[in-house]
2 protein chains.
Amino acid sequence: MGKLEAYVRKGERVTIRDVALGAGVSVATASKALNEQGRMTVETRERVQRVAQRLGFRPNAMARALVAQRSFTLGLLTNDTYGRFTLPVVAGLSAAMADRGVSVFLCAVEDDPERVRLNLNAMEDKRVDGLVIAGKRIDRALPIALPPQRMPVVYVNAACPPQGVGFVPDDDGGAYAAVTHLLGLGRRRVTHVSGPRDFEAVGLREQGWRRALDEAGLPVPKAALFGSWSEGFGYETGHALMRTPRAADRPDAVFCGNDQIARGLIDALMHLGVRVPDDVAVVGFDNWEIFAQATRPPLTTVDMELKELGSQAGLTLLDMIDGKPVTEGLQRRPCRLAVRQSCGGQAR
Amino acid sequence: MGKLEAYVRKGERVTIRDVALGAGVSVATASKALNEQGRMTVETRERVQRVAQRLGFRPNAMARALVAQRSFTLGLLTNDTYGRFTLPVVAGLSAAMADRGVSVFLCAVEDDPERVRLNLNAMEDKRVDGLVIAGKRIDRALPIALPPQRMPVVYVNAACPPQGVGFVPDDDGGAYAAVTHLLGLGRRRVTHVSGPRDFEAVGLREQGWRRALDEAGLPVPKAALFGSWSEGFGYETGHALMRTPRAADRPDAVFCGNDQIARGLIDALMHLGVRVPDDVAVVGFDNWEIFAQATRPPLTTVDMELKELGSQAGLTLLDMIDGKPVTEGLQRRPCRLAVRQSCGGQAR
DNA sequence: CTTACTTGAGAAAACGTTTTCTCATCGATG
DNA sequence: CATCGATGAGAAAACGTTTTCTCAAGTAAG
């Protein structure tokens, strides 16, 4: 068994033929030995496996895919080029897929139908087994005309057609948890400051906020304040809130629609000498670490568990590919409250 | 030609056989017709193409790859899971590749050699034509033992072995441009506040800063200040700088090692009533839009052109795959100064 | 009317696997 | 000793392309 390497042609990759030759068996037997299929002596099986090992044989996934009619490959199409939402999703997705031998093609497209088409064609040509379509808001679809060959598709953070399968964070539930947490800490006048009203997520988060207040029997302090997703809006609103004439009417807590607003709001409170969390507790939404950690004090915020969302989407897609039944429609997956200091400690 | 669709088996994908059958030619002829190869009547060629068109034929890239020994597929391996640096790189890369029919597998790995191995094996099995290895700092390699089959590799924002090919931003040049810009606006006492000293990028940016001052015949006002890449450090340092006893010794401009430091520093100056840019101009590094836009005033900062870096890396990789000669070693690509308001206008 | 090219098109091999047959061989059974 | 079922292993087809031959028919030249 010394000159085994003689069987592989110089510079060429090791194929199953080389293994078969080296082990003195046919290609068919080699294949069966390596895949633990078919009948043969343990001696033969092990010999083949030893040879494959020594030669560093790695089966060509494309040849395999050709006969199996399955590429073990997924496509991820996203229009979230900044990646703030999609990045954790793809991290979760590709980690879960890697464990199952599935690889993921990444296609980042602006909302340009031309490029969408281009990438979709590439995916189709490469015979991906399925497609994840990831967006940045739950009420917008991507400008996608899916290829005629129906291929399993899962949507994440994007609008999803009637019969489709999709995953989004449970905005309502996340908001409810955040506000409930504040109430549990003794806060009673919880205001909500959020993004533009035409985002469905804004409506859902407001709804969760209202629901928590209602269930606690508390009046809704004043209508929620809607603006833009920016720090600037948070800053202005922070000032505006503190201009409320009677101190007793001012909030003792603010639930913000995202972390940027929360950050701006906290900055404003600091400027005004209002202490966070002592005078006013603040909770954000997104758990965008870079913001949540950088605020003073560090921000308590709702984590959308995007990684989890990504891996769920991937696993569901695999089930669809395998023809297993999956629950149809949009699924809202639970959020998690990341508790830091901006909401005040338990000890209150 | 009415019932052409009869040639494709129900539910199956259209293959070149279906096209051949439909056009009444052999598979070989069909292939040649579609690829504009070989000799045949224009009539035949066009007929085949028409049929392919009507049937929506898309050649199976894997079958193609098998014979061409080329998968038109790349792998991107990165340990920058947060994605701040890698995301623009992959955007640039995959856009440039999509135009050339090349798809990109994304592998996000923590620095866990186990998972690196797993992903690398997957890439090898899928027969990617080449690999881009992207990191988050230019002086650290990824824990990668490349597969024995030598496969073209390009490094981006990562340390690169002796004979390797790599691309990084020109930190020195970027810093030089930033400081020169400040000097051009009349600033004379430009301090440098940056990240931890053991980052090579920190040394290079300091060097560019020094060089600009030297060439202008200005004394280096005081040693650069090194700390962490955080807003917190910028904030503290902003305060510290303004505590300098003699006002004439205080800087009239600060060149920061990244945008977070710049942001913290600007916040501190604001608190102290120091006007930016009137009293002190500030320039950052990274052009991390979300920070650069959110500072008041918006931050002038050095853009590392990461998208460009990504597309360059991809194109170079393609050249290597094609066996074309490429320049060996690390290439430092130019940065671009993104001028906003924090450095003061031309009108000074 | 041969001969010699040119031209259009198909047959078949190749790429690297998996899988379904088929076929010896062997030990056991009658 | 003939028969039978089990066992180990290989031949060949299939997956969907591309490419290299080969070949017949047509055309121009002698």
# chains A, B, ... in the order shown; residues from 1 in each chain; ligands from 1

call {"tool": "interface_residues", "arguments": {"of": "chain D", "to": "chain A", "cutoff": "7 Å", "atoms": "only C-alpha atoms (C1' of nucleotides)", "output": "number ranges by chain"}}
result
D: 8-10, 15

call {"tool": "write_last_selection", "arguments": {"atoms": "C-alpha atoms (C1' of nucleotides)", "output": "CSV table (one decimal), in the first residue's frame"}}
result
chain,number,residue,atom,x,y,z
D,8,DG,C1',-20.1,-10.2,-2.8
D,9,DA,C1',-19.0,-7.6,-6.5
D,10,DG,C1',-19.0,-5.6,-11.1
D,15,DC,C1',-27.9,12.7,-14.6

call {"tool": "select_by_dssp", "arguments": {"residues": "range 179-323 of chain A", "states": "alpha helix (DSSP H)", "output": "CSV table (one decimal) with N, CA, C and O atoms, in the first residue's frame"}}
result
chain,number,residue,atom,x,y,z
A,179,VAL,N,-43.1,46.6,27.4
A,179,VAL,CA,-44.0,47.4,28.3
A,179,VAL,C,-44.3,46.8,29.6
A,179,VAL,O,-44.3,47.4,30.6
A,180,THR,N,-44.6,45.5,29.5
A,180,THR,CA,-45.0,44.7,30.7
A,180,THR,C,-43.8,44.8,31.7
A,180,THR,O,-44.0,44.9,32.9
A,181,HIS,N,-42.6,44.6,31.1
A,181,HIS,CA,-41.4,44.7,32.0
A,181,HIS,C,-41.3,46.0,32.7
A,181,HIS,O,-41.1,46.1,33.9
A,182,LEU,N,-41.6,47.1,32.0
A,182,LEU,CA,-41.6,48.4,32.6
A,182,LEU,C,-42.6,48.6,33.7
A,182,LEU,O,-42.3,49.1,34.8
A,183,LEU,N,-43.8,48.1,33.4
A,183,LEU,CA,-44.9,48.1,34.4
A,183,LEU,C,-44.5,47.3,35.6
A,183,LEU,O,-44.7,47.7,36.7
A,184,GLY,N,-43.8,46.2,35.3
A,184,GLY,CA,-43.4,45.3,36.5
A,184,GLY,C,-42.4,46.0,37.4
A,184,GLY,O,-42.3,45.7,38.5
A,200,GLU,N,-45.9,48.7,8.8
A,200,GLU,CA,-46.8,47.8,9.6
A,200,GLU,C,-46.2,47.5,11.0
A,200,GLU,O,-46.9,47.4,11.9
A,201,ALA,N,-44.9,47.4,11.0
A,201,ALA,CA,-44.3,47.1,12.3
A,201,ALA,C,-44.6,48.1,13.4
A,201,ALA,O,-44.8,47.9,14.5
A,202,VAL,N,-44.7,49.4,12.9
A,202,VAL,CA,-45.0,50.5,13.8
A,202,VAL,C,-46.4,50.2,14.4
A,202,VAL,O,-46.6,50.3,15.6
A,203,GLY,N,-47.4,49.9,13.6
A,203,GLY,CA,-48.7,49.6,14.1
A,203,GLY,C,-48.7,48.5,15.1
A,203,GLY,O,-49.4,48.5,16.1
A,204,LEU,N,-48.0,47.4,14.8
A,204,LEU,CA,-48.0,46.2,15.6
A,204,LEU,C,-47.3,46.5,17.0
A,204,LEU,O,-47.8,46.1,18.0
A,205,ARG,N,-46.2,47.3,17.0
A,205,ARG,CA,-45.6,47.6,18.2
A,205,ARG,C,-46.5,48.5,19.1
A,205,ARG,O,-46.5,48.4,20.3
A,206,GLU,N,-47.2,49.4,18.4
A,206,GLU,CA,-48.1,50.3,19.1
A,206,GLU,C,-49.2,49.4,19.8
A,206,GLU,O,-49.5,49.6,20.9
A,207,GLN,N,-49.6,48.5,19.0
A,207,GLN,CA,-50.7,47.6,19.5
A,207,GLN,C,-50.2,46.8,20.8
A,207,GLN,O,-51.0,46.7,21.7
A,208,GLY,N,-49.0,46.3,20.7
A,208,GLY,CA,-48.5,45.6,21.9
A,208,GLY,C,-48.4,46.5,23.1
A,208,GLY,O,-48.7,46.1,24.2
A,209,TRP,N,-48.0,47.7,22.8
A,209,TRP,CA,-47.8,48.7,23.9
A,209,TRP,C,-49.2,49.0,24.5
A,209,TRP,O,-49.4,48.9,25.8
A,210,ARG,N,-50.2,49.2,23.7
A,210,ARG,CA,-51.6,49.5,24.2
A,210,ARG,C,-52.1,48.3,25.0
A,210,ARG,O,-52.7,48.5,26.0
A,211,ARG,N,-51.9,47.1,24.4
A,211,ARG,CA,-52.4,45.9,25.0
A,211,ARG,C,-51.8,45.8,26.5
A,211,ARG,O,-52.6,45.5,27.4
A,212,ALA,N,-50.5,46.0,26.6
A,212,ALA,CA,-49.9,45.9,27.9
A,212,ALA,C,-50.5,46.9,28.9
A,212,ALA,O,-50.9,46.5,30.0
A,213,LEU,N,-50.7,48.1,28.4
A,213,LEU,CA,-51.3,49.1,29.3
A,213,LEU,C,-52.7,48.8,29.7
A,213,LEU,O,-53.1,48.8,30.8
A,214,ASP,N,-53.5,48.4,28.7
A,214,ASP,CA,-54.9,48.0,28.9
A,214,ASP,C,-55.0,46.9,29.9
A,214,ASP,O,-55.7,47.0,30.9
A,215,GLU,N,-54.2,45.8,29.7
A,215,GLU,CA,-54.3,44.7,30.7
A,215,GLU,C,-53.9,45.1,32.1
A,215,GLU,O,-54.4,44.5,33.0
A,231,GLU,N,-32.2,59.0,15.1
A,231,GLU,CA,-31.8,59.6,16.4
A,231,GLU,C,-32.3,61.0,16.5
A,231,GLU,O,-32.7,61.4,17.6
A,232,GLY,N,-32.3,61.8,15.4
A,232,GLY,CA,-32.8,63.1,15.4
A,232,GLY,C,-34.2,63.2,16.0
A,232,GLY,O,-34.5,64.0,16.8
A,233,PHE,N,-35.1,62.4,15.5
A,233,PHE,CA,-36.5,62.4,15.9
A,233,PHE,C,-36.5,62.0,17.4
A,233,PHE,O,-37.3,62.6,18.1
A,234,GLY,N,-35.7,61.1,17.8
A,234,GLY,CA,-35.7,60.7,19.2
A,234,GLY,C,-35.3,61.9,20.1
A,234,GLY,O,-35.9,62.2,21.2
A,235,TYR,N,-34.3,62.6,19.6
A,235,TYR,CA,-33.8,63.7,20.4
A,235,TYR,C,-34.9,64.8,20.5
A,235,TYR,O,-35.2,65.3,21.6
A,236,GLU,N,-35.5,65.2,19.4
A,236,GLU,CA,-36.5,66.2,19.4
A,236,GLU,C,-37.6,65.8,20.4
A,236,GLU,O,-38.1,66.6,21.2
A,237,THR,N,-38.0,64.5,20.2
A,237,THR,CA,-39.2,64.1,21.0
A,237,THR,C,-38.8,64.1,22.5
A,237,THR,O,-39.7,64.3,23.3
A,238,GLY,N,-37.6,63.7,22.8
A,238,GLY,CA,-37.2,63.8,24.2
A,238,GLY,C,-37.4,65.2,24.8
A,238,GLY,O,-38.0,65.3,25.9
A,239,HIS,N,-37.0,66.1,24.0
A,239,HIS,CA,-37.2,67.5,24.5
A,239,HIS,C,-38.6,67.8,24.6
A,239,HIS,O,-39.1,68.4,25.6
A,240,ALA,N,-39.4,67.5,23.6
A,240,ALA,CA,-40.8,67.8,23.5
A,240,ALA,C,-41.5,67.2,24.8
A,240,ALA,O,-42.3,67.9,25.4
A,241,LEU,N,-41.2,66.0,25.1
A,241,LEU,CA,-41.9,65.3,26.2
A,241,LEU,C,-41.7,66.0,27.5
A,241,LEU,O,-42.6,66.1,28.3
A,242,MET,N,-40.5,66.5,27.7
A,242,MET,CA,-40.1,67.1,28.9
A,242,MET,C,-40.7,68.6,29.0
A,242,MET,O,-40.6,69.2,30.1
A,259,ASP,N,-33.9,51.4,18.3
A,259,ASP,CA,-32.8,51.8,19.2
A,259,ASP,C,-32.2,53.2,18.9
A,259,ASP,O,-31.7,53.9,19.7
A,260,GLN,N,-32.3,53.6,17.6
A,260,GLN,CA,-31.8,54.9,17.3
A,260,GLN,C,-32.7,56.0,17.9
A,260,GLN,O,-32.2,56.9,18.5
A,261,ILE,N,-34.0,55.8,17.8
A,261,ILE,CA,-34.9,56.8,18.5
A,261,ILE,C,-34.6,56.8,20.0
A,261,ILE,O,-34.4,57.9,20.6
A,262,ALA,N,-34.4,55.6,20.6
A,262,ALA,CA,-34.1,55.5,22.0
A,262,ALA,C,-32.8,56.3,22.4
A,262,ALA,O,-32.7,57.0,23.3
A,263,ARG,N,-31.8,56.1,21.5
A,263,ARG,CA,-30.6,56.8,21.8
A,263,ARG,C,-30.7,58.3,21.7
A,263,ARG,O,-30.2,59.0,22.6
A,264,GLY,N,-31.4,58.8,20.7
A,264,GLY,CA,-31.6,60.2,20.6
A,264,GLY,C,-32.4,60.7,21.8
A,264,GLY,O,-32.0,61.8,22.4
A,265,LEU,N,-33.3,60.0,22.2
A,265,LEU,CA,-34.2,60.4,23.3
A,265,LEU,C,-33.4,60.4,24.6
A,265,LEU,O,-33.5,61.4,25.4
A,266,ILE,N,-32.6,59.4,24.8
A,266,ILE,CA,-31.7,59.4,26.0
A,266,ILE,C,-30.8,60.6,26.0
A,266,ILE,O,-30.6,61.3,27.0
A,267,ASP,N,-30.2,60.9,24.8
A,267,ASP,CA,-29.3,62.0,24.7
A,267,ASP,C,-30.0,63.3,25.2
A,267,ASP,O,-29.5,64.1,25.9
A,268,ALA,N,-31.3,63.5,24.7
A,268,ALA,CA,-32.0,64.7,25.0
A,268,ALA,C,-32.3,64.7,26.5
A,268,ALA,O,-32.1,65.8,27.2
A,269,LEU,N,-32.6,63.6,27.1
A,269,LEU,CA,-32.9,63.6,28.5
A,269,LEU,C,-31.7,64.0,29.3
A,269,LEU,O,-31.7,64.7,30.3
A,270,MET,N,-30.5,63.4,28.9
A,270,MET,CA,-29.3,63.7,29.6
A,270,MET,C,-29.1,65.3,29.5
A,270,MET,O,-28.7,65.9,30.6
A,271,HIS,N,-29.2,65.8,28.4
A,271,HIS,CA,-29.0,67.3,28.2
A,271,HIS,C,-29.9,68.1,29.2
A,271,HIS,O,-29.5,69.1,29.7
A,289,GLU,N,-26.7,46.0,18.6
A,289,GLU,CA,-25.7,46.0,19.7
A,289,GLU,C,-24.9,47.3,19.7
A,289,GLU,O,-24.7,47.9,20.7
A,290,ILE,N,-24.5,47.7,18.5
A,290,ILE,CA,-23.6,48.9,18.5
A,290,ILE,C,-24.2,50.1,19.1
A,290,ILE,O,-23.6,51.0,19.6
A,291,PHE,N,-25.6,50.2,18.9
A,291,PHE,CA,-26.2,51.3,19.6
A,291,PHE,C,-26.6,51.0,21.0
A,291,PHE,O,-26.3,51.8,21.9
A,292,ALA,N,-27.1,49.8,21.2
A,292,ALA,CA,-27.6,49.5,22.5
A,292,ALA,C,-26.5,49.5,23.6
A,292,ALA,O,-26.7,49.9,24.7
A,293,GLN,N,-25.3,49.2,23.1
A,293,GLN,CA,-24.2,49.2,24.1
A,293,GLN,C,-23.6,50.6,24.3
A,293,GLN,O,-23.0,50.9,25.3
A,294,ALA,N,-23.7,51.4,23.2
A,294,ALA,CA,-23.0,52.7,23.3
A,294,ALA,C,-23.8,53.7,24.1
A,294,ALA,O,-23.3,54.7,24.5
A,306,LEU,N,-33.1,37.6,15.2
A,306,LEU,CA,-33.0,37.4,13.8
A,306,LEU,C,-32.2,36.2,13.4
A,306,LEU,O,-32.5,35.5,12.3
A,307,LYS,N,-31.2,35.9,14.1
A,307,LYS,CA,-30.4,34.6,13.8
A,307,LYS,C,-31.3,33.4,13.8
A,307,LYS,O,-31.3,32.6,12.9
A,308,GLU,N,-32.1,33.4,14.9
A,308,GLU,CA,-33.1,32.3,15.1
A,308,GLU,C,-34.0,32.3,13.9
A,308,GLU,O,-34.4,31.2,13.3
A,309,LEU,N,-34.5,33.4,13.5
A,309,LEU,CA,-35.4,33.6,12.4
A,309,LEU,C,-34.8,33.0,11.1
A,309,LEU,O,-35.4,32.2,10.3
A,310,GLY,N,-33.5,33.3,10.9
A,310,GLY,CA,-32.8,32.8,9.8
A,310,GLY,C,-32.7,31.3,9.8
A,310,GLY,O,-32.9,30.6,8.8
A,311,SER,N,-32.3,30.7,10.9
A,311,SER,CA,-32.1,29.3,11.0
A,311,SER,C,-33.5,28.6,10.8
A,311,SER,O,-33.6,27.6,10.1
A,312,GLN,N,-34.5,29.1,11.4
A,312,GLN,CA,-35.9,28.6,11.3
A,312,GLN,C,-36.3,28.6,9.8
A,312,GLN,O,-36.8,27.6,9.3
A,313,ALA,N,-36.0,29.7,9.1
A,313,ALA,CA,-36.4,29.8,7.7
A,313,ALA,C,-35.7,28.7,6.9
A,313,ALA,O,-36.3,28.0,6.1
A,314,GLY,N,-34.4,28.5,7.2
A,314,GLY,CA,-33.6,27.5,6.5
A,314,GLY,C,-34.1,26.1,6.8
A,314,GLY,O,-34.3,25.3,5.8
A,315,LEU,N,-34.4,25.8,8.0
A,315,LEU,CA,-34.9,24.5,8.3
A,315,LEU,C,-36.2,24.2,7.7
A,315,LEU,O,-36.5,23.1,7.2
A,316,THR,N,-37.1,25.2,7.7
A,316,THR,CA,-38.4,25.0,7.1
A,316,THR,C,-38.2,24.8,5.6
A,316,THR,O,-38.9,24.0,5.0
A,317,LEU,N,-37.3,25.6,5.0
A,317,LEU,CA,-37.1,25.4,3.6
A,317,LEU,C,-36.6,24.0,3.3
A,317,LEU,O,-37.1,23.3,2.3
A,318,LEU,N,-35.7,23.5,4.1
A,318,LEU,CA,-35.3,22.1,3.9
A,318,LEU,C,-36.5,21.1,4.0
A,318,LEU,O,-36.6,20.2,3.2
A,319,ASP,N,-37.4,21.4,4.9
A,319,ASP,CA,-38.5,20.5,5.0
A,319,ASP,C,-39.4,20.6,3.7
A,319,ASP,O,-39.8,19.5,3.2
A,320,MET,N,-39.6,21.8,3.2
A,320,MET,CA,-40.3,21.9,2.0
A,320,MET,C,-39.7,21.2,0.9
A,320,MET,O,-40.4,20.5,0.1
A,321,ILE,N,-38.4,21.3,0.8
A,321,ILE,CA,-37.7,20.6,-0.3
A,321,ILE,C,-37.8,19.1,-0.2
A,321,ILE,O,-38.0,18.4,-1.1

call {"tool": "interface_residues", "arguments": {"of": "chain C", "to": "chain B", "cutoff": "7 Å", "atoms": "only C-alpha atoms (C1' of nucleotides)", "output": "ChimeraX atom specification"}}
result
/C:8-10,15

call {"tool": "interface_residues", "arguments": {"of": "chain B", "to": "chain A", "cutoff": "6 Å", "atoms": "only C-alpha atoms", "output": "PyMOL selection string"}}
result
chain B and resi 60-62+104-105+125-126

call {"tool": "write_last_selection", "arguments": {"atoms": "N, CA, C and O atoms", "output": "compact mmCIF listing (two decimals), in the first residue's frame"}}
result
# COMPACT_ATOMS: atom_id res chain seq x y z
N ASN B 60 -28.37 23.53 -17.39
CA ASN B 60 -28.01 23.11 -16.04
C ASN B 60 -26.53 23.44 -15.79
O ASN B 60 -25.64 22.83 -16.37
N ALA B 61 -26.33 24.40 -14.90
CA ALA B 61 -24.96 24.88 -14.68
C ALA B 61 -24.06 23.78 -14.12
O ALA B 61 -22.86 23.79 -14.35
N MET B 62 -24.65 22.83 -13.43
CA MET B 62 -23.80 21.81 -12.82
C MET B 62 -23.30 20.82 -13.86
O MET B 62 -22.14 20.40 -13.83
N VAL B 104 -21.71 33.48 -5.57
CA VAL B 104 -20.83 33.48 -4.40
C VAL B 104 -21.47 32.77 -3.21
O VAL B 104 -22.57 33.13 -2.79
N PHE B 105 -20.79 31.77 -2.71
CA PHE B 105 -21.22 31.11 -1.48
C PHE B 105 -20.72 31.92 -0.29
O PHE B 105 -19.54 32.26 -0.21
N ASP B 125 -15.92 20.63 -1.76
CA ASP B 125 -16.81 19.64 -2.36
C ASP B 125 -17.64 20.25 -3.48
O ASP B 125 -17.88 19.63 -4.50
N LYS B 126 -18.05 21.48 -3.27
CA LYS B 126 -18.89 22.13 -4.28
C LYS B 126 -18.03 22.65 -5.42
O LYS B 126 -18.52 23.28 -6.35

call {"tool": "atom_distance", "arguments": {"atom1": "C1' of DA14 in chain D", "atom2": "C1' of DT18 in chain C"}}
result
8.7 Å

call {"tool": "atom_distance", "arguments": {"atom1": "CA of Val283 in chain B", "atom2": "CA of Asp172 in chain B"}}
result
14.7 Å

call {"tool": "select_by_dssp", "arguments": {"residues": "range 155-221 of chain B", "states": "strand (DSSP E)", "output": "ChimeraX atom specification"}}
result
/B:155-156,165-169,190-194

call {"tool": "decode", "arguments": {"residues": "range 9-28 of chain D", "atoms": "N, CA, C and O atoms (P, O5', C5', C4', C3', O3' and C1' of nucleotides)", "output": "tab-separated table (two decimals), in the first residue's frame"}}
result
chain	number	residue	atom	x	y	z
D	9	DA	P	-16.48	-8.11	-1.85
D	9	DA	O5'	-16.86	-7.82	-3.37
D	9	DA	C5'	-16.34	-8.69	-4.36
D	9	DA	C4'	-16.96	-8.34	-5.69
D	9	DA	C3'	-16.73	-6.88	-6.14
D	9	DA	O3'	-16.01	-6.91	-7.34
D	9	DA	C1'	-18.96	-7.61	-6.54
D	10	DG	P	-15.22	-5.59	-7.89
D	10	DG	O5'	-15.83	-5.49	-9.36
D	10	DG	C5'	-15.80	-6.65	-10.17
D	10	DG	C4'	-16.91	-6.60	-11.19
D	10	DG	C3'	-16.89	-5.33	-12.06
D	10	DG	O3'	-17.07	-5.70	-13.41
D	10	DG	C1'	-19.03	-5.63	-11.13
D	11	DA	P	-16.63	-4.71	-14.55
D	11	DA	O5'	-17.79	-4.89	-15.63
D	11	DA	C5'	-18.87	-5.80	-15.37
D	11	DA	C4'	-20.01	-5.56	-16.34
D	11	DA	C3'	-19.79	-4.45	-17.36
D	11	DA	O3'	-20.63	-4.71	-18.47
D	11	DA	C1'	-21.38	-3.74	-15.75
D	12	DA	P	-20.69	-3.67	-19.70
D	12	DA	O5'	-21.94	-2.75	-19.30
D	12	DA	C5'	-23.16	-3.39	-18.89
D	12	DA	C4'	-24.22	-2.34	-18.64
D	12	DA	C3'	-24.16	-1.13	-19.55
D	12	DA	O3'	-25.48	-0.69	-19.76
D	12	DA	C1'	-23.98	-0.41	-17.35
D	13	DA	P	-25.83	0.22	-21.04
D	13	DA	O5'	-26.96	1.17	-20.44
D	13	DA	C5'	-27.97	0.60	-19.59
D	13	DA	C4'	-28.43	1.64	-18.60
D	13	DA	C3'	-28.72	3.01	-19.21
D	13	DA	O3'	-29.93	3.49	-18.68
D	13	DA	C1'	-27.24	3.23	-17.40
D	14	DA	P	-30.76	4.60	-19.50
D	14	DA	O5'	-30.73	5.83	-18.51
D	14	DA	C5'	-31.11	5.65	-17.14
D	14	DA	C4'	-30.46	6.72	-16.30
D	14	DA	C3'	-30.45	8.11	-16.96
D	14	DA	O3'	-31.39	8.94	-16.31
D	14	DA	C1'	-28.40	7.61	-15.85
D	15	DC	P	-31.92	10.23	-17.12
D	15	DC	O5'	-31.37	11.46	-16.31
D	15	DC	C5'	-31.27	11.45	-14.89
D	15	DC	C4'	-30.20	12.44	-14.49
D	15	DC	C3'	-30.00	13.54	-15.53
D	15	DC	O3'	-30.80	14.65	-15.19
D	15	DC	C1'	-27.93	12.70	-14.62
D	16	DG	P	-31.61	15.37	-16.39
D	16	DG	O5'	-30.50	16.31	-17.03
D	16	DG	C5'	-29.95	17.35	-16.25
D	16	DG	C4'	-28.84	18.01	-17.02
D	16	DG	C3'	-29.23	18.46	-18.44
D	16	DG	O3'	-28.69	19.75	-18.64
D	16	DG	C1'	-27.31	17.12	-18.51
D	17	DT	P	-29.25	20.66	-19.82
D	17	DT	O5'	-27.90	21.37	-20.29
D	17	DT	C5'	-27.11	20.76	-21.26
D	17	DT	C4'	-25.67	20.82	-20.83
D	17	DT	C3'	-24.73	21.11	-21.99
D	17	DT	O3'	-24.29	22.44	-21.89
D	17	DT	C1'	-24.05	19.14	-20.78
D	18	DT	P	-23.72	23.13	-23.18
D	18	DT	O5'	-22.32	22.39	-23.40
D	18	DT	C5'	-21.26	22.64	-22.47
D	18	DT	C4'	-20.03	21.87	-22.89
D	18	DT	C3'	-19.46	22.30	-24.24
D	18	DT	O3'	-18.05	22.39	-24.06
D	18	DT	C1'	-19.87	19.99	-24.25
D	19	DT	P	-17.17	23.12	-25.16
D	19	DT	O5'	-16.52	21.88	-25.91
D	19	DT	C5'	-15.84	20.90	-25.15
D	19	DT	C4'	-15.44	19.75	-26.04
D	19	DT	C3'	-14.96	20.16	-27.43
D	19	DT	O3'	-13.82	19.37	-27.74
D	19	DT	C1'	-16.66	18.56	-27.62
D	20	DT	P	-12.77	19.93	-28.79
D	20	DT	O5'	-12.09	18.58	-29.30
D	20	DT	C5'	-12.13	17.43	-28.47
D	20	DT	C4'	-12.52	16.21	-29.27
D	20	DT	C3'	-11.96	16.22	-30.71
D	20	DT	O3'	-11.35	14.96	-30.94
D	20	DT	C1'	-14.25	15.73	-30.73
D	21	DC	P	-10.14	14.88	-32.02
D	21	DC	O5'	-10.53	13.60	-32.86
D	21	DC	C5'	-11.62	13.73	-33.68
D	21	DC	C4'	-12.52	12.53	-33.65
D	21	DC	C3'	-12.64	11.95	-35.05
D	21	DC	O3'	-12.49	10.55	-35.02
D	21	DC	C1'	-14.76	12.77	-34.26
D	22	DT	P	-12.05	9.86	-36.38
D	22	DT	O5'	-13.47	9.60	-37.09
D	22	DT	C5'	-14.51	8.91	-36.37
D	22	DT	C4'	-15.81	9.05	-37.13
D	22	DT	C3'	-15.67	8.80	-38.65
D	22	DT	O3'	-16.57	7.77	-39.01
D	22	DT	C1'	-16.89	10.80	-38.22
D	23	DC	P	-16.43	7.03	-40.38
D	23	DC	O5'	-17.71	7.56	-41.15
D	23	DC	C5'	-18.94	7.77	-40.43
D	23	DC	C4'	-19.85	8.65	-41.25
D	23	DC	C3'	-19.65	8.50	-42.76
D	23	DC	O3'	-20.90	8.37	-43.39
D	23	DC	C1'	-19.63	10.76	-42.15
D	24	DA	P	-21.00	7.38	-44.64
D	24	DA	O5'	-22.17	8.08	-45.47
D	24	DA	C5'	-23.38	8.46	-44.80
D	24	DA	C4'	-23.83	9.81	-45.30
D	24	DA	C3'	-23.94	9.91	-46.83
D	24	DA	O3'	-25.21	10.45	-47.14
D	24	DA	C1'	-22.65	11.71	-45.98
D	25	DA	P	-25.76	10.30	-48.62
D	25	DA	O5'	-25.84	11.83	-49.06
D	25	DA	C5'	-26.43	12.76	-48.16
D	25	DA	C4'	-25.98	14.15	-48.54
D	25	DA	C3'	-26.05	14.41	-50.06
D	25	DA	O3'	-26.75	15.63	-50.26
D	25	DA	C1'	-23.93	15.02	-49.19
D	26	DG	P	-27.20	16.04	-51.72
D	26	DG	O5'	-26.30	17.34	-51.98
D	26	DG	C5'	-26.28	18.38	-51.00
D	26	DG	C4'	-25.09	19.27	-51.26
D	26	DG	C3'	-24.96	19.75	-52.71
D	26	DG	O3'	-24.79	21.16	-52.68
D	26	DG	C1'	-22.91	18.83	-51.96
D	27	DT	P	-24.94	21.99	-54.07
D	27	DT	O5'	-23.44	22.41	-54.36
D	27	DT	C5'	-22.66	22.99	-53.30
D	27	DT	C4'	-21.23	23.12	-53.75
D	27	DT	C3'	-21.06	23.54	-55.23
D	27	DT	O3'	-20.07	24.54	-55.29
D	27	DT	C1'	-19.77	21.61	-54.78
D	28	DA	P	-20.09	25.57	-56.53
D	28	DA	O5'	-18.54	25.62	-56.89
D	28	DA	C5'	-17.58	25.73	-55.84
D	28	DA	C4'	-16.31	25.00	-56.24
D	28	DA	C3'	-15.81	25.34	-57.65
D	28	DA	O3'	-14.46	25.73	-57.56
D	28	DA	C1'	-15.90	23.00	-57.35
